[in-house]
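The data block below is target26.txt; it holds compact mmCIF, C-alpha atoms.
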# COMPACT_ATOMS: atom_id res chain seq x y z
CA MET A 4 1.43 -10.84 -3.98
CA ARG A 5 1.48 -10.39 -7.73
CA ARG A 6 -0.86 -8.04 -9.46
CA SER A 7 -2.07 -7.37 -12.93
CA SER A 8 -4.19 -4.55 -14.30
CA LEU A 9 -7.91 -4.78 -13.75
CA PRO A 10 -10.17 -5.00 -16.78
CA PRO A 11 -11.75 -1.64 -17.69
CA ASP A 12 -15.20 -2.73 -16.45
CA ALA A 13 -13.99 -4.05 -13.06
CA LEU A 14 -15.09 -0.86 -11.24
CA ASP A 15 -18.51 0.71 -11.51
CA THR A 16 -19.30 4.38 -10.88
CA THR A 17 -19.94 3.78 -7.17
CA ASP A 18 -16.62 1.93 -6.71
CA ARG A 19 -14.82 4.81 -8.37
CA ALA A 20 -16.60 7.36 -6.18
CA ILE A 21 -15.59 5.35 -3.09
CA LEU A 22 -11.94 5.27 -4.18
CA ASN A 23 -11.92 9.02 -4.73
CA ALA A 24 -13.84 10.00 -1.59
CA LEU A 25 -12.05 7.83 0.94
CA GLN A 26 -8.63 9.19 0.01
CA ASP A 27 -9.63 12.52 1.51
CA GLY A 28 -10.37 11.16 4.95
CA PHE A 29 -12.61 8.85 6.89
CA PRO A 30 -15.06 9.91 9.60
CA ILE A 31 -14.06 9.46 13.20
CA ALA A 32 -17.45 8.58 14.58
CA PRO A 33 -19.30 5.76 16.36
CA ARG A 34 -20.42 4.45 12.92
CA PRO A 35 -17.87 5.76 10.43
CA PHE A 36 -18.98 3.48 7.58
CA ALA A 37 -22.55 4.72 7.99
CA GLU A 38 -21.38 8.36 7.78
CA ALA A 39 -19.07 7.71 4.82
CA GLY A 40 -21.79 5.69 3.10
CA ALA A 41 -24.35 8.45 3.61
CA ALA A 42 -22.01 10.97 1.98
CA LEU A 43 -21.72 8.59 -0.98
CA GLY A 44 -25.46 7.83 -1.09
CA ILE A 45 -25.10 4.15 -0.13
CA PRO A 46 -25.91 2.17 3.03
CA GLU A 47 -23.23 1.27 5.57
CA ASP A 48 -23.30 -2.48 4.80
CA GLU A 49 -22.93 -1.84 1.07
CA LEU A 50 -19.89 0.39 1.63
CA ILE A 51 -18.25 -2.26 3.80
CA GLU A 52 -18.95 -4.96 1.21
CA ARG A 53 -17.66 -2.80 -1.65
CA ILE A 54 -14.42 -2.03 0.22
CA ARG A 55 -14.01 -5.76 0.90
CA ASN A 56 -14.54 -6.47 -2.80
CA LEU A 57 -12.08 -3.75 -3.86
CA ARG A 58 -9.44 -5.51 -1.75
CA GLU A 59 -10.34 -8.96 -3.08
CA ILE A 60 -10.05 -7.92 -6.73
CA GLY A 61 -6.82 -6.02 -6.06
CA ALA A 62 -8.12 -2.52 -6.75
CA ILE A 63 -6.76 -1.56 -3.32
CA THR A 64 -4.09 -3.31 -1.30
CA ARG A 65 -5.15 -2.12 2.11
CA PHE A 66 -7.79 -0.07 3.87
CA GLY A 67 -6.66 1.81 6.92
CA PRO A 68 -4.96 4.92 8.21
CA PHE A 69 -1.73 6.24 6.77
CA PHE A 70 0.65 7.36 9.47
CA ASP A 71 3.43 9.81 8.73
CA ALA A 72 6.29 8.03 10.47
CA ALA A 73 8.68 10.94 9.92
CA ALA A 74 6.27 13.44 11.55
CA MET A 75 6.11 11.13 14.57
CA GLY A 76 9.90 10.94 14.80
CA GLY A 77 10.31 7.81 12.71
CA ALA A 78 11.65 7.18 9.23
CA PHE A 79 10.52 6.07 5.76
CA CYS A 80 12.63 4.62 2.99
CA LEU A 81 11.74 3.49 -0.52
CA CYS A 82 13.54 0.23 -1.33
CA ALA A 83 13.99 -1.82 -4.48
CA MET A 84 15.24 -5.30 -5.27
CA GLU A 85 16.12 -7.29 -8.35
CA VAL A 86 14.34 -10.58 -7.72
CA PRO A 87 14.73 -13.59 -10.03
CA GLU A 88 11.36 -14.44 -11.55
CA ALA A 89 11.43 -18.00 -10.20
CA ASP A 90 11.96 -16.71 -6.63
CA PHE A 91 9.53 -13.80 -6.68
CA GLU A 92 6.72 -15.37 -4.62
CA THR A 93 9.15 -16.65 -1.99
CA VAL A 94 10.91 -13.29 -1.70
CA VAL A 95 7.68 -11.27 -1.56
CA THR A 96 6.49 -13.51 1.28
CA LEU A 97 9.74 -12.98 3.21
CA VAL A 98 9.70 -9.20 2.64
CA ASN A 99 6.03 -8.79 3.54
CA ALA A 100 6.54 -10.76 6.78
CA HIS A 101 8.27 -7.67 8.19
CA ARG A 102 5.75 -5.43 9.94
CA GLU A 103 7.78 -2.40 8.82
CA VAL A 104 6.92 -3.04 5.15
CA ALA A 105 4.20 -0.51 4.37
CA HIS A 106 3.71 -1.21 0.63
CA ASN A 107 5.15 -3.73 -1.80
CA TYR A 108 4.74 -3.52 -5.56
CA GLU A 109 5.92 -5.62 -8.47
CA ARG A 110 7.26 -3.70 -11.46
CA THR A 111 8.21 -4.80 -14.95
CA HIS A 112 11.78 -3.57 -14.73
CA ARG A 113 15.14 -5.00 -13.74
CA LEU A 114 14.34 -3.73 -10.24
CA ASN A 115 11.06 -5.63 -10.10
CA MET A 116 10.18 -5.34 -6.40
CA TRP A 117 9.63 -1.96 -4.77
CA PHE A 118 8.52 -1.48 -1.17
CA VAL A 119 8.45 1.15 1.55
CA LEU A 120 9.92 0.64 5.00
CA ALA A 121 8.36 2.64 7.84
CA CYS A 122 10.37 2.38 11.05
CA GLU A 123 10.55 4.07 14.42
CA THR A 124 14.13 5.24 13.75
CA GLU A 125 16.56 5.77 10.87
CA GLU A 126 18.60 2.92 12.33
CA GLY A 127 15.53 0.70 12.02
CA ILE A 128 15.58 1.16 8.24
CA GLY A 129 19.09 -0.26 8.08
CA ARG A 130 18.28 -3.09 10.49
CA VAL A 131 15.20 -4.25 8.53
CA ALA A 132 16.83 -3.84 5.11
CA ASP A 133 19.89 -5.78 6.31
CA SER A 134 17.62 -8.51 7.67
CA ILE A 135 15.79 -8.78 4.33
CA GLU A 136 19.13 -9.05 2.52
CA GLU A 137 20.22 -11.80 4.91
CA GLU A 138 16.95 -13.72 4.52
CA THR A 139 16.77 -13.46 0.74
CA GLY A 140 20.42 -13.32 -0.31
CA LEU A 141 19.51 -10.31 -2.48
CA ALA A 142 20.58 -6.68 -2.26
CA VAL A 143 18.07 -4.13 -0.98
CA LEU A 144 18.66 -0.77 -2.65
CA ARG A 145 17.64 2.10 -0.39
CA PHE A 146 16.27 5.41 -1.59
CA PRO A 147 15.74 7.69 1.42
CA LYS A 148 13.28 10.54 1.07
CA LEU A 149 14.99 13.85 0.33
CA ARG A 150 11.84 15.86 -0.33
CA GLU A 151 8.17 15.11 0.16
CA PHE A 152 5.60 15.25 -2.61
CA PHE A 153 1.90 14.53 -2.42
CA VAL A 154 0.48 12.83 -5.47
CA GLY A 155 -3.26 12.42 -5.34
CA PHE A 156 -4.77 9.48 -7.17
CA ARG A 157 -8.22 9.88 -8.65
CA VAL A 158 -10.17 7.65 -10.97
CA LYS A 159 -12.71 8.86 -13.49
CA ALA A 160 -16.06 8.46 -11.75

What does the file become when written as structure tokens?
Amino acid sequence: MRRSSLPPDALDTTDRAILNALQDGFPIAPRPFAEAGAALGIPEDELIERIRNLREIGAITRFGPFFDAAAMGGAFCLCAMEVPEADFETVVTLVNAHREVAHNYERTHRLNMWFVLACETEEGIGRVADSIEEETGLAVLRFPKLREFFVGFRVKA
């Protein structure tokens, strides 16, 4: 999937508040969207529709839990590829077909495709990266995590 920047008016104040609030957690409750919506001052159905819209316009790529594979005994690895422009869509489809691909981003750089592999084992990282190389005919550069940093993302609400 290719992305471009959203226009400045693509998100209203409520969208921005949703993006900020839901990064800090989501209620575990019988009606979590109702609880989250109440905290934001909007009804459950509106929150669901706004999250759906945020995905459709590309403001978010996914909505769901983030699991720390390493804390559960698994492994993460940041990977990059140099993908010819004419082959980008084909390669992104092949890469994203692997369930271990957690994120995939296009960059305007020689290394124009960056993605994260989340696997059950360190060996799984090598297996999936090797498979992607075989399928695409392109090298997968691997950047294993040496230290963890948390970078919060907030938008002006």

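Between Pro147 (chain A) and the residues A:Ala39, A:Arg113, A:Leu81, A:Val98, the shortest atom-to-atom distance, using all atoms listed in the file, involves A:Leu81.
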
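Proximity of A:Ala73, A:Ala37, A:Leu57, A:Ile135 to Asp15 (chain A), computed with only C-alpha atoms, is greatest for A:Leu57.
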
(Q) So that I can see what lies close to Ala74 (chain A), please list as a PyMOL selection string the residues with an atom at most 12 Å from it, counting all atoms listed in the file and leaving out residues fewer than 4 positions away in the same chain. (A) chain A and resi 69-70+78-79+121-124+151

Any chance you can output those residues with C-alpha atoms as a JSON list (two decimals), in the frame of the given file?
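Output below, filename selection.json:
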[["chain", "number", "residue", "atom", "x", "y", "z"],
["A", 69, "PHE", "CA", -1.73, 6.24, 6.77],
["A", 70, "PHE", "CA", 0.65, 7.36, 9.47],
["A", 78, "ALA", "CA", 11.65, 7.18, 9.23],
["A", 79, "PHE", "CA", 10.52, 6.07, 5.76],
["A", 121, "ALA", "CA", 8.36, 2.64, 7.84],
["A", 122, "CYS", "CA", 10.37, 2.38, 11.05],
["A", 123, "GLU", "CA", 10.55, 4.07, 14.42],
["A", 124, "THR", "CA", 14.13, 5.24, 13.75],
["A", 151, "GLU", "CA", 8.17, 15.11, 0.16]]

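Reported to one decimal place, the separation of CA of Phe36 (chain A) from CA of Asp48 (chain A) is 7.9 Å.
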
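For the atom pair formed by CA of Ile45 (chain A) and CA of Arg65 (chain A), the distance is 21.0 Å, given to one decimal.
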
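In this model, the gap between CA of Asn56 (chain A) and CA of Ala20 (chain A) comes to 14.4 Å.
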
Q.
Given all atoms listed in the file as the basis, pick out the residue of A:Gly44, A:Gly127, A:Pro87, A:Pro10 nearest to Ala62 (chain A).
A. A:Pro10
